[in-house]
$ cat input-v7.pdb   # PDB, C-alpha atoms
ATOM      1  CA  MET C   1       6.787   3.112  17.992
ATOM      2  CA  SER C   2       7.200   4.386  14.427
ATOM      3  CA  GLN C   3       5.937   7.809  13.339
ATOM      4  CA  ALA C   4       3.123   6.130  11.397
ATOM      5  CA  GLY C   5       2.265   3.999  14.427
ATOM      6  CA  GLU C   6       2.059   7.050  16.666
ATOM      7  CA  LEU C   7      -0.124   8.859  14.140
ATOM      8  CA  LEU C   8      -2.428   5.848  13.841
ATOM      9  CA  ALA C   9      -2.829   5.751  17.625
ATOM     10  CA  LYS C  10      -3.849   9.410  17.575
ATOM     11  CA  VAL C  11      -6.189   8.849  14.625
ATOM     12  CA  ALA C  12      -7.860   6.097  16.662
ATOM     13  CA  ASN C  13      -8.612   8.887  19.101
ATOM     14  CA  GLN C  14     -10.211  10.924  16.295
ATOM     15  CA  ASP C  15      -7.295  13.358  16.125
ATOM     16  CA  SER C  16      -7.903  15.210  12.868
ATOM     17  CA  THR C  17      -4.431  16.784  12.730
ATOM     18  CA  ALA C  18      -2.815  13.369  13.025
ATOM     19  CA  PHE C  19      -5.107  12.065  10.291
ATOM     20  CA  GLN C  20      -4.018  14.824   7.930
ATOM     21  CA  GLN C  21      -0.373  13.938   8.632
ATOM     22  CA  LEU C  22      -1.123  10.271   8.056
ATOM     23  CA  TYR C  23      -2.895  11.183   4.827
ATOM     24  CA  ASP C  24       0.170  13.098   3.652
ATOM     25  CA  LEU C  25       2.370  10.104   4.517
ATOM     26  CA  PHE C  26       0.297   7.416   2.818
ATOM     27  CA  ALA C  27      -2.323   8.633   0.338
ATOM     28  CA  ASP C  28       0.061   9.055  -2.558
ATOM     29  CA  ARG C  29       1.787   5.737  -1.850
ATOM     30  CA  VAL C  30      -1.566   3.962  -1.674
ATOM     31  CA  TYR C  31      -2.562   5.612  -4.959
ATOM     32  CA  ARG C  32       0.588   4.349  -6.707
ATOM     33  CA  TYR C  33       0.109   0.877  -5.235
ATOM     34  CA  ALA C  34      -3.536   0.796  -6.342
ATOM     35  CA  PHE C  35      -2.368   1.815  -9.794
ATOM     36  CA  THR C  36      -0.219  -1.344  -9.974
ATOM     37  CA  ILE C  37      -3.383  -3.416  -9.469
ATOM     38  CA  LEU C  38      -5.898  -1.383 -11.502
ATOM     39  CA  HIS C  39      -3.650   0.298 -14.055
ATOM     40  CA  ASN C  40      -6.059   3.197 -14.175
ATOM     41  CA  LYS C  41      -5.251   6.398 -12.366
ATOM     42  CA  HIS C  42      -8.856   7.495 -11.804
ATOM     43  CA  LEU C  43      -9.757   4.213 -10.159
ATOM     44  CA  ALA C  44      -6.466   4.232  -8.250
ATOM     45  CA  GLU C  45      -7.360   7.630  -6.830
ATOM     46  CA  GLU C  46     -10.787   6.358  -5.838
ATOM     47  CA  ILE C  47      -9.161   3.451  -4.013
ATOM     48  CA  ALA C  48      -6.685   5.767  -2.285
ATOM     49  CA  GLN C  49      -9.588   7.881  -1.019
ATOM     50  CA  GLU C  50     -11.624   4.891   0.151
ATOM     51  CA  THR C  51      -8.569   3.437   1.862
ATOM     52  CA  MET C  52      -7.848   6.617   3.799
ATOM     53  CA  VAL C  53     -11.512   6.834   4.859
ATOM     54  CA  ALA C  54     -11.256   3.206   6.017
ATOM     55  CA  VAL C  55      -8.093   4.072   7.970
ATOM     56  CA  TRP C  56      -9.964   6.881   9.739
ATOM     57  CA  ASN C  57     -12.876   4.603  10.579
ATOM     58  CA  GLY C  58     -10.798   1.594  11.544
ATOM     59  CA  ALA C  59      -7.675   2.997  13.199
ATOM     60  CA  SER C  60      -8.824   1.817  16.627
ATOM     61  CA  ARG C  61      -8.758  -1.772  15.307
ATOM     62  CA  PHE C  62      -5.078  -1.602  14.414
ATOM     63  CA  ALA C  63      -3.452  -3.768  17.053
ATOM     64  CA  GLY C  64       0.175  -3.208  16.083
ATOM     65  CA  ARG C  65       0.851  -6.819  15.117
ATOM     66  CA  SER C  66       2.014  -5.621  11.709
ATOM     67  CA  LYS C  67       3.606  -2.423  10.447
ATOM     68  CA  PRO C  68       1.114   0.411   9.778
ATOM     69  CA  SER C  69       2.151   0.394   6.109
ATOM     70  CA  THR C  70       1.412  -3.330   5.835
ATOM     71  CA  TRP C  71      -2.024  -2.788   7.353
ATOM     72  CA  ILE C  72      -2.834   0.190   5.136
ATOM     73  CA  PHE C  73      -1.623  -1.487   1.938
ATOM     74  CA  GLY C  74      -3.681  -4.538   2.902
ATOM     75  CA  ILE C  75      -6.820  -2.372   3.121
ATOM     76  CA  ALA C  76      -5.975  -0.795  -0.245
ATOM     77  CA  ARG C  77      -5.521  -4.201  -1.850
ATOM     78  CA  ASN C  78      -8.869  -5.456  -0.544
ATOM     79  CA  GLN C  79     -10.580  -2.315  -1.814
ATOM     80  CA  ALA C  80      -8.939  -2.617  -5.241
ATOM     81  CA  LEU C  81      -9.816  -6.306  -5.612
ATOM     82  CA  THR C  82     -13.424  -5.617  -4.561
ATOM     83  CA  LEU C  83     -13.613  -2.917  -7.218
ATOM     84  CA  LEU C  84     -12.190  -5.292  -9.829
ATOM     85  CA  ARG C  85     -14.819  -7.891  -8.934
ATOM     86  CA  LYS C  86     -17.572  -5.260  -9.320
ATOM     87  CA  GLU C  87     -16.153  -4.282 -12.714
ATOM     88  CA  LYS C  88     -16.227  -7.867 -13.918
ATOM     89  CA  LYS C  89     -19.809  -8.258 -12.706
ATOM     90  CA  ALA C  90     -20.807  -5.020 -14.456
ATOM     91  CA  GLU C  91     -19.205  -6.236 -17.673
ATOM     92  CA  THR C  92     -20.995  -9.602 -17.620
ATOM     93  CA  THR C  93     -24.412  -8.043 -16.911
ATOM     94  CA  GLY C  94     -24.013  -5.502 -19.671
ATOM     95  CA  SER C  95     -23.974  -2.485 -17.370
ATOM     96  CA  PRO C  96     -22.156   0.634 -18.461
ATOM     97  CA  GLU C  97     -18.394   0.197 -18.409
ATOM     98  CA  LEU C  98     -16.873   1.218 -15.132
ATOM     99  CA  VAL C  99     -13.406   1.313 -16.612
ATOM    100  CA  GLN C 100     -13.067   4.101 -19.070
ATOM    101  CA  ALA C 101     -10.160   4.770 -21.374
ATOM    102  CA  ASP C 102      -7.442   6.147 -19.145
ATOM    103  CA  PRO C 103      -5.948   9.310 -20.617
ATOM    104  CA  SER C 104      -2.817   8.698 -18.592
ATOM    105  CA  LYS C 105      -2.147   5.606 -20.695
ATOM    106  CA  HIS C 106      -1.066   7.810 -23.556
ATOM    107  CA  ILE C 107       1.501   9.415 -21.310
ATOM    108  CA  ILE C 108       2.557   6.083 -19.905
ATOM    109  CA  GLN C 109       3.121   4.677 -23.389
ATOM    110  CA  HIS C 110       5.999   7.092 -23.761
ATOM    111  CA  GLU C 111       7.657   5.677 -20.698
ATOM    112  CA  ARG C 112       9.529   2.585 -21.652
ATOM    113  CA  VAL C 113       9.700   1.031 -18.229
ATOM    114  CA  MET C 114       6.137   1.825 -17.312
ATOM    115  CA  THR C 115       5.036   0.300 -20.577
ATOM    116  CA  ALA C 116       7.014  -2.813 -19.737
ATOM    117  CA  LEU C 117       5.423  -2.882 -16.275
ATOM    118  CA  GLY C 118       2.073  -2.617 -18.004
ATOM    119  CA  GLU C 119       2.836  -5.888 -19.765
ATOM    120  CA  LEU C 120       2.995  -7.684 -16.419
ATOM    121  CA  SER C 121       0.008  -9.247 -14.723
ATOM    122  CA  ALA C 122      -1.274  -7.246 -11.730
ATOM    123  CA  ASP C 123      -0.041 -10.038  -9.424
ATOM    124  CA  HIS C 124       3.500  -9.665 -10.722
ATOM    125  CA  ARG C 125       3.433  -5.883 -11.004
ATOM    126  CA  GLU C 126       2.457  -5.366  -7.367
ATOM    127  CA  VAL C 127       5.355  -7.539  -6.162
ATOM    128  CA  VAL C 128       7.796  -5.485  -8.247
ATOM    129  CA  TYR C 129       6.243  -2.259  -6.923
ATOM    130  CA  LEU C 130       6.227  -3.289  -3.272
ATOM    131  CA  THR C 131       9.816  -4.501  -3.496
ATOM    132  CA  PHE C 132      11.521  -1.774  -5.481
ATOM    133  CA  TYR C 133       9.344   1.291  -4.833
ATOM    134  CA  GLU C 134       8.108   0.640  -1.308
ATOM    135  CA  GLY C 135      11.209  -1.265  -0.218
ATOM    136  CA  LEU C 136       9.284  -3.957   1.649
ATOM    137  CA  SER C 137      10.737  -7.312   2.670
ATOM    138  CA  TYR C 138       9.423 -10.473   1.032
ATOM    139  CA  GLY C 139       7.889 -11.372   4.403
ATOM    140  CA  GLU C 140       5.947  -8.100   4.544
ATOM    141  CA  ILE C 141       4.778  -8.556   0.951
ATOM    142  CA  SER C 142       3.721 -12.089   1.818
ATOM    143  CA  GLY C 143       1.596 -10.620   4.640
ATOM    144  CA  ILE C 144      -0.073  -7.992   2.445
ATOM    145  CA  LEU C 145      -0.851 -10.394  -0.395
ATOM    146  CA  GLY C 146      -1.739 -13.333   1.846
ATOM    147  CA  ILE C 147       0.543 -15.720  -0.033
ATOM    148  CA  PRO C 148       3.600 -17.741   1.035
ATOM    149  CA  SER C 149       7.043 -16.112   0.818
ATOM    150  CA  GLY C 150       8.024 -18.673  -1.808
ATOM    151  CA  THR C 151       5.207 -17.456  -4.045
ATOM    152  CA  VAL C 152       6.380 -13.849  -3.617
ATOM    153  CA  LYS C 153       9.868 -14.886  -4.787
ATOM    154  CA  SER C 154       8.429 -16.902  -7.650
ATOM    155  CA  ARG C 155       6.266 -13.966  -8.829
ATOM    156  CA  MET C 156       9.310 -11.710  -8.708
ATOM    157  CA  PHE C 157      11.314 -14.226 -10.738
ATOM    158  CA  HIS C 158       8.666 -14.384 -13.472
ATOM    159  CA  ALA C 159       8.121 -10.615 -13.406
ATOM    160  CA  LYS C 160      11.828  -9.941 -13.928
ATOM    161  CA  ARG C 161      11.985 -12.457 -16.764
ATOM    162  CA  LYS C 162       9.031 -10.794 -18.494
ATOM    163  CA  LEU C 163      10.489  -7.320 -17.946
ATOM    164  CA  ALA C 164      13.807  -8.456 -19.417
ATOM    165  CA  GLU C 165      11.968  -9.731 -22.515
ATOM    166  CA  VAL C 166      10.002  -6.512 -22.987
ATOM    167  CA  LEU C 167      12.910  -4.190 -22.251
ATOM    168  CA  ALA C 168      15.404  -6.130 -24.425
TER     169      ALA C 168
ATOM    170  CA  MET Q   1      17.661 -26.037  -5.900
ATOM    171  CA  ASN Q   2      21.233 -24.983  -6.581
ATOM    172  CA  THR Q   3      22.978 -22.146  -4.774
ATOM    173  CA  CYS Q   4      22.800 -19.654  -7.650
ATOM    174  CA  THR Q   5      19.025 -20.133  -7.973
ATOM    175  CA  THR Q   6      18.530 -19.625  -4.239
ATOM    176  CA  ILE Q   7      20.734 -16.522  -4.227
ATOM    177  CA  ARG Q   8      19.035 -15.013  -7.273
ATOM    178  CA  GLU Q   9      15.650 -15.383  -5.605
ATOM    179  CA  LEU Q  10      16.947 -13.244  -2.722
ATOM    180  CA  ILE Q  11      18.768 -10.606  -4.765
ATOM    181  CA  PRO Q  12      15.773  -8.199  -5.166
ATOM    182  CA  TRP Q  13      15.540  -7.970  -1.394
ATOM    183  CA  TYR Q  14      19.327  -7.780  -1.049
ATOM    184  CA  VAL Q  15      19.048  -4.726  -3.314
ATOM    185  CA  ASN Q  16      16.282  -3.113  -1.221
ATOM    186  CA  GLY Q  17      18.127  -3.907   2.011
ATOM    187  CA  THR Q  18      15.444  -5.920   3.777
ATOM    188  CA  LEU Q  19      17.108  -9.333   4.092
ATOM    189  CA  SER Q  20      17.982 -10.569   7.550
ATOM    190  CA  VAL Q  21      21.609 -10.183   8.581
ATOM    191  CA  ASP Q  22      22.252 -13.895   8.019
ATOM    192  CA  GLU Q  23      20.618 -13.916   4.589
ATOM    193  CA  ALA Q  24      22.502 -10.797   3.514
ATOM    194  CA  ARG Q  25      25.815 -12.311   4.648
ATOM    195  CA  HIS Q  26      25.010 -15.496   2.752
ATOM    196  CA  VAL Q  27      24.220 -13.554  -0.426
ATOM    197  CA  ALA Q  28      27.309 -11.352  -0.096
ATOM    198  CA  ALA Q  29      29.572 -14.371   0.389
ATOM    199  CA  HIS Q  30      28.194 -15.998  -2.750
ATOM    200  CA  LEU Q  31      28.426 -12.800  -4.793
ATOM    201  CA  SER Q  32      32.103 -12.483  -3.960
ATOM    202  CA  GLN Q  33      32.686 -15.785  -5.755
ATOM    203  CA  CYS Q  34      30.106 -15.834  -8.567
ATOM    204  CA  GLU Q  35      30.393 -13.485 -11.529
ATOM    205  CA  ALA Q  36      27.039 -14.540 -13.042
ATOM    206  CA  CYS Q  37      25.193 -13.643  -9.826
ATOM    207  CA  ARG Q  38      27.078 -10.328  -9.638
ATOM    208  CA  GLU Q  39      25.711  -9.587 -13.105
ATOM    209  CA  GLU Q  40      22.233 -10.475 -11.834
ATOM    210  CA  LEU Q  41      22.788  -8.080  -8.907
ATOM    211  CA  ILE Q  42      23.671  -5.231 -11.285
ATOM    212  CA  GLN Q  43      20.574  -5.921 -13.397
ATOM    213  CA  ASN Q  44      18.390  -5.876 -10.271
ATOM    214  CA  MET Q  45      19.932  -2.598  -9.114
ATOM    215  CA  GLN Q  46      19.254  -1.025 -12.514
ATOM    216  CA  LEU Q  47      15.702  -2.362 -12.503
ATOM    217  CA  SER Q  48      15.152  -0.999  -8.999
ATOM    218  CA  ILE Q  49      16.233   2.488 -10.100
ATOM    219  CA  GLU Q  50      14.098   2.359 -13.241
ATOM    220  CA  VAL Q  51      10.998   1.135 -11.401
ATOM    221  CA  ARG Q  52      11.320   3.852  -8.756
ATOM    222  CA  ARG Q  53      11.778   6.492 -11.429
ATOM    223  CA  ALA Q  54       8.813   5.215 -13.458
ATOM    224  CA  PHE Q  55       6.431   5.216 -10.501
ATOM    225  CA  SER Q  56       7.734   8.586  -9.281
ATOM    226  CA  GLU Q  57       6.899  10.112 -12.641
ATOM    227  CA  LEU Q  58       3.359   8.771 -12.572
ATOM    228  CA  GLU Q  59       0.965  11.720 -12.399
ATOM    229  CA  GLY Q  60      -0.209  12.177  -8.813
ATOM    230  CA  MET Q  61      -3.662  12.511  -7.303
ATOM    231  CA  ARG Q  62      -5.892  15.530  -7.837
ATOM    232  CA  SER Q  63      -5.322  18.336  -5.344
ATOM    233  CA  GLU Q  64      -9.033  18.185  -4.406
ATOM    234  CA  SER Q  65      -8.687  14.592  -3.330
ATOM    235  CA  LYS Q  66      -7.483  15.411   0.165
ATOM    236  CA  LYS Q  67     -10.345  17.857   0.724
ATOM    237  CA  ASP Q  68     -12.830  15.192  -0.407
ATOM    238  CA  VAL Q  69     -11.408  12.687   2.078
ATOM    239  CA  LEU Q  70     -11.283  15.176   4.941
ATOM    240  CA  LYS Q  71     -14.941  16.093   4.339
ATOM    241  CA  ARG Q  72     -15.841  12.420   4.674
ATOM    242  CA  THR Q  73     -13.688  11.778   7.732
ATOM    243  CA  THR Q  74     -12.661  14.439  10.188
ATOM    244  CA  GLY Q  75     -15.627  16.659   9.264
ATOM    245  CA  GLN Q  76     -16.301  19.234  11.939
ATOM    246  CA  GLN Q  77     -15.361  18.247  15.466
ATOM    247  CA  LEU Q  78     -18.178  18.875  17.952
ATOM    248  CA  ALA Q  79     -16.681  17.497  21.148
ATOM    249  CA  HIS Q  80     -13.514  15.775  22.279
ATOM    250  CA  LEU Q  81     -12.493  14.528  25.687
ATOM    251  CA  ASP Q  82      -9.363  12.597  26.590
ATOM    252  CA  VAL Q  83      -8.685  11.733  30.254
ATOM    253  CA  GLY Q  84      -6.408   9.384  32.153
ATOM    254  CA  SER Q  85      -2.925   8.084  31.321
ATOM    255  CA  PHE Q  86      -1.198   5.373  29.317
ATOM    256  CA  VAL Q  87      -2.131   2.843  32.001
ATOM    257  CA  LEU Q  88      -5.831   3.664  32.174
ATOM    258  CA  GLY Q  89      -7.860   6.313  30.404
ATOM    259  CA  PHE Q  90     -11.002   7.141  28.506
ATOM    260  CA  SER Q  91     -11.566   9.129  25.355
ATOM    261  CA  PHE Q  92     -14.770  10.435  23.856
ATOM    262  CA  GLY Q  93     -15.285  12.150  20.504
ATOM    263  CA  ALA Q  94     -18.203  13.451  18.448
ATOM    264  CA  SER Q  95     -18.121  15.207  15.102
ATOM    265  CA  TYR Q  96     -20.406  16.347  12.303
ATOM    266  CA  GLN Q  97     -19.826  14.471   9.041
ATOM    267  CA  LYS Q  98     -22.151  14.814   6.059
ATOM    268  CA  GLY Q  99     -25.337  14.927   8.124
ATOM    269  CA  ARG Q 100     -24.182  12.215  10.530
ATOM    270  CA  ILE Q 101     -22.874  12.685  14.035
ATOM    271  CA  PRO Q 102     -20.504   9.772  14.727
ATOM    272  CA  ILE Q 103     -19.865   9.291  18.423
ATOM    273  CA  ARG Q 104     -17.064   7.144  19.757
ATOM    274  CA  GLY Q 105     -15.959   6.316  23.273
ATOM    275  CA  ASP Q 106     -12.860   4.215  24.003
ATOM    276  CA  LEU Q 107     -11.406   2.708  27.157
ATOM    277  CA  LYS Q 108      -7.601   2.887  27.073
ATOM    278  CA  LEU Q 109      -5.810   0.179  28.970
ATOM    279  CA  LEU Q 110      -2.016  -0.117  28.849
ATOM    280  CA  GLY Q 111      -1.876   1.586  25.468
ATOM    281  CA  ARG Q 112      -4.582  -0.662  23.962
ATOM    282  CA  ARG Q 113      -7.873   0.813  22.927
ATOM    283  CA  ILE Q 114     -11.174  -0.906  23.580
ATOM    284  CA  ARG Q 115     -14.207   0.639  21.883
ATOM    285  CA  LEU Q 116     -17.086   1.010  24.312
ATOM    286  CA  ILE Q 117     -19.408   3.329  22.415
ATOM    287  CA  SER Q 118     -19.824   3.728  18.670
ATOM    288  CA  ASN Q 119     -22.676   4.530  16.373
ATOM    289  CA  ASP Q 120     -20.469   4.190  13.268
ATOM    290  CA  ARG Q 121     -20.915   0.946  11.355
ATOM    291  CA  GLU Q 122     -17.838   1.319   9.155
ATOM    292  CA  ASP Q 123     -14.977  -0.576  10.733
ATOM    293  CA  TYR Q 124     -12.067  -2.573   9.330
ATOM    294  CA  ASN Q 125     -10.258  -5.381  11.021
ATOM    295  CA  GLU Q 126      -6.519  -5.742  10.899
TER     296      GLU Q 126
END

$ encode --input "input-v7.pdb" --output "structure tokens"
Amino acid sequence: MSQAGELLAKVANQDSTAFQQLYDLFADRVYRYAFTILHNKHLAEEIAQETMVAVWNGASRFAGRSKPSTWIFGIARNQALTLLRKEKKAETTGSPELVQADPSKHIIQHERVMTALGELSADHREVVYLTFYEGLSYGEISGILGIPSGTVKSRMFHAKRKLAEVLA
Amino acid sequence: MNTCTTIRELIPWYVNGTLSVDEARHVAAHLSQCEACREELIQNMQLSIEVRRAFSELEGMRSESKKDVLKRTTGQQLAHLDVGSFVLGFSFGASYQKGRIPIRGDLKLLGRRIRLISNDREDYNE
């Protein structure tokens, strides 16, 4: 069993030390992944927190059919998409904006590649992130996103083409 | 779909080393004979490095974030009991978390965990 798998098993037994180790292993990665979907670091941090709380509460349900990282990223994705749906609803009903101007954007603008990544749709950006930053296989990405492997490859193809245009 | 198109679809995962042995051999054999796909490989390797660098430089989470999560999760442990072995065992835990006292009891059977007692409604399925 992997280190993350062993930690998850202990977390299922309410082992707080194991949870802290699991937090150190995944929270920052979840935050960066959530950023690819939300493109807002404050919301990404919120999602990272909610995801780790969900991991604590749901660790006993992890059956080991997938890798712990696949399971955790899947939770993060669901949380991020739920938040996006709430944002859209808030916008259409005229509620105060949930998404505020992200001060980090000014920093990001100075980063050529990050700016180019910002030009991608969230669907394309997360495939690029999961492939090149997380080093996941297209099968694992397919599992997290709930789409066929062919669609993962297709999104990567279009993402690279767009990046090449922006970075040219 | 021609061979170059098929190979180029796989190159990102050839670069990150997650293709199956057969797929990787197939890609490598094609690359040895196709200059255009070798160029595509180099571009993917450069992109991989740039993406990793860009995300690494992204400002991280607040230092208080971990404390916030720990307050909402592990809280203060009140009781913990773990008996038995890998084959058959039972675990029981209770803690104090933000005015709640979640209690959980699990039967452990051959490494699998079956929840018997829980007063916590928040659960996530795999």

$ atom_distance --input "input-v7.pdb" --atom1 "CA of Gly105 (chain Q)" --atom2 "CA of Ser91 (chain Q)"
5.6 Å

$ closest_residue --input "input-v7.pdb" --among "C:Ser137, C:Asn78, C:Gln3, C:Ser142" --to "chain Q" --atoms "all atoms listed in the file"
C:Ser137

$ resolve_selection --input "input-v7.pdb" --expression "the PyMOL selection byres ((chain C and resi 133) around 12)" --output "ChimeraX atom specification"
/C:29-30,32-33,36,125-132,134-137 /Q:12-13,15-16,47-56

$ atom_distance --input "input-v7.pdb" --atom1 "CA of Met45 (chain Q)" --atom2 "CA of Arg161 (chain C)"
14.8 Å

$ residues_near_point --input "input-v7.pdb" --point "(7.6, -14.3, -1.7)" --cutoff "12 Å" --atoms "only C-alpha atoms" --output "NGL selection string"
(:C and (123-124 or 126-128 or 130-131 or 136-158)) or (:Q and (9-10 or 12-13))

$ write_last_selection --input "input-v7.pdb" --atoms "C-alpha atoms" --output "compact mmCIF listing (two decimals), in the frame of the given file"
# COMPACT_ATOMS: atom_id res chain seq x y z
CA ASP C 123 -0.04 -10.04 -9.42
CA HIS C 124 3.50 -9.66 -10.72
CA GLU C 126 2.46 -5.37 -7.37
CA VAL C 127 5.36 -7.54 -6.16
CA VAL C 128 7.80 -5.48 -8.25
CA LEU C 130 6.23 -3.29 -3.27
CA THR C 131 9.82 -4.50 -3.50
CA LEU C 136 9.28 -3.96 1.65
CA SER C 137 10.74 -7.31 2.67
CA TYR C 138 9.42 -10.47 1.03
CA GLY C 139 7.89 -11.37 4.40
CA GLU C 140 5.95 -8.10 4.54
CA ILE C 141 4.78 -8.56 0.95
CA SER C 142 3.72 -12.09 1.82
CA GLY C 143 1.60 -10.62 4.64
CA ILE C 144 -0.07 -7.99 2.44
CA LEU C 145 -0.85 -10.39 -0.40
CA GLY C 146 -1.74 -13.33 1.85
CA ILE C 147 0.54 -15.72 -0.03
CA PRO C 148 3.60 -17.74 1.03
CA SER C 149 7.04 -16.11 0.82
CA GLY C 150 8.02 -18.67 -1.81
CA THR C 151 5.21 -17.46 -4.04
CA VAL C 152 6.38 -13.85 -3.62
CA LYS C 153 9.87 -14.89 -4.79
CA SER C 154 8.43 -16.90 -7.65
CA ARG C 155 6.27 -13.97 -8.83
CA MET C 156 9.31 -11.71 -8.71
CA PHE C 157 11.31 -14.23 -10.74
CA HIS C 158 8.67 -14.38 -13.47
CA GLU Q 9 15.65 -15.38 -5.60
CA LEU Q 10 16.95 -13.24 -2.72
CA PRO Q 12 15.77 -8.20 -5.17
CA TRP Q 13 15.54 -7.97 -1.39

$ closest_residue --input "input-v7.pdb" --among "Q:Arg115, Q:Arg25, Q:Lys71, Q:Arg38" --to "Phe92 (chain Q)" --atoms "all atoms listed in the file"
Q:Arg115

$ closest_residue --input "input-v7.pdb" --among "Q:Ile114, Q:Asn2, Q:Cys34, Q:Gly89" --to "chain C" --atoms "all atoms listed in the file"
Q:Ile114

$ closest_residue --input "input-v7.pdb" --among "C:Gln49, C:Thr82, C:Ser60, C:Ser121" --to "Phe26 (chain C)" --atoms "all atoms listed in the file"
C:Gln49

$ resolve_selection --input "input-v7.pdb" --expression "the PyMOL selection byres ((chain Q and resi 3) around 12)" --output "list in words"
Met1, Asn2, Cys4, Thr5, Thr6, Ile7, Arg8, Glu9, Leu10, His26, Val27, Ala29, His30, Leu31, Gln33, Cys34, Ala36 and Cys37 of chain Q

$ atom_distance --input "input-v7.pdb" --atom1 "CA of Glu57 (chain Q)" --atom2 "CA of Ala18 (chain C)"
27.6 Å

$ resolve_selection --input "input-v7.pdb" --expression "the PyMOL selection byres ((chain C and resi 72) around 12)" --output "PyMOL selection string"
(chain C and resi 4-5+8+22-23+25-27+29-31+33-34+47-56+58-59+61-62+64+66-71+73-79+143-144) or (chain Q and resi 124-126)

$ closest_residue --input "input-v7.pdb" --among "C:Leu163, C:Ala168, C:Leu120, C:Leu81" --to "chain Q" --atoms "all atoms listed in the file"
C:Leu163

$ closest_residue --input "input-v7.pdb" --among "Q:Thr74, Q:Asn119, Q:Ser32, Q:Asn44" --to "Tyr14 (chain Q)" --atoms "only C-alpha atoms"
Q:Asn44

$ residues_around --input "input-v7.pdb" --residues "Lys108 (chain Q)" --least-positions-apart "4" --cutoff "12 Å" --atoms "all atoms listed in the file" --output "JSON, numbers by chain"
{"C": [9, 12, 13, 60], "Q": [82, 83, 84, 85, 86, 87, 88, 89, 90, 91, 92, 112, 113, 114, 115, 116]}
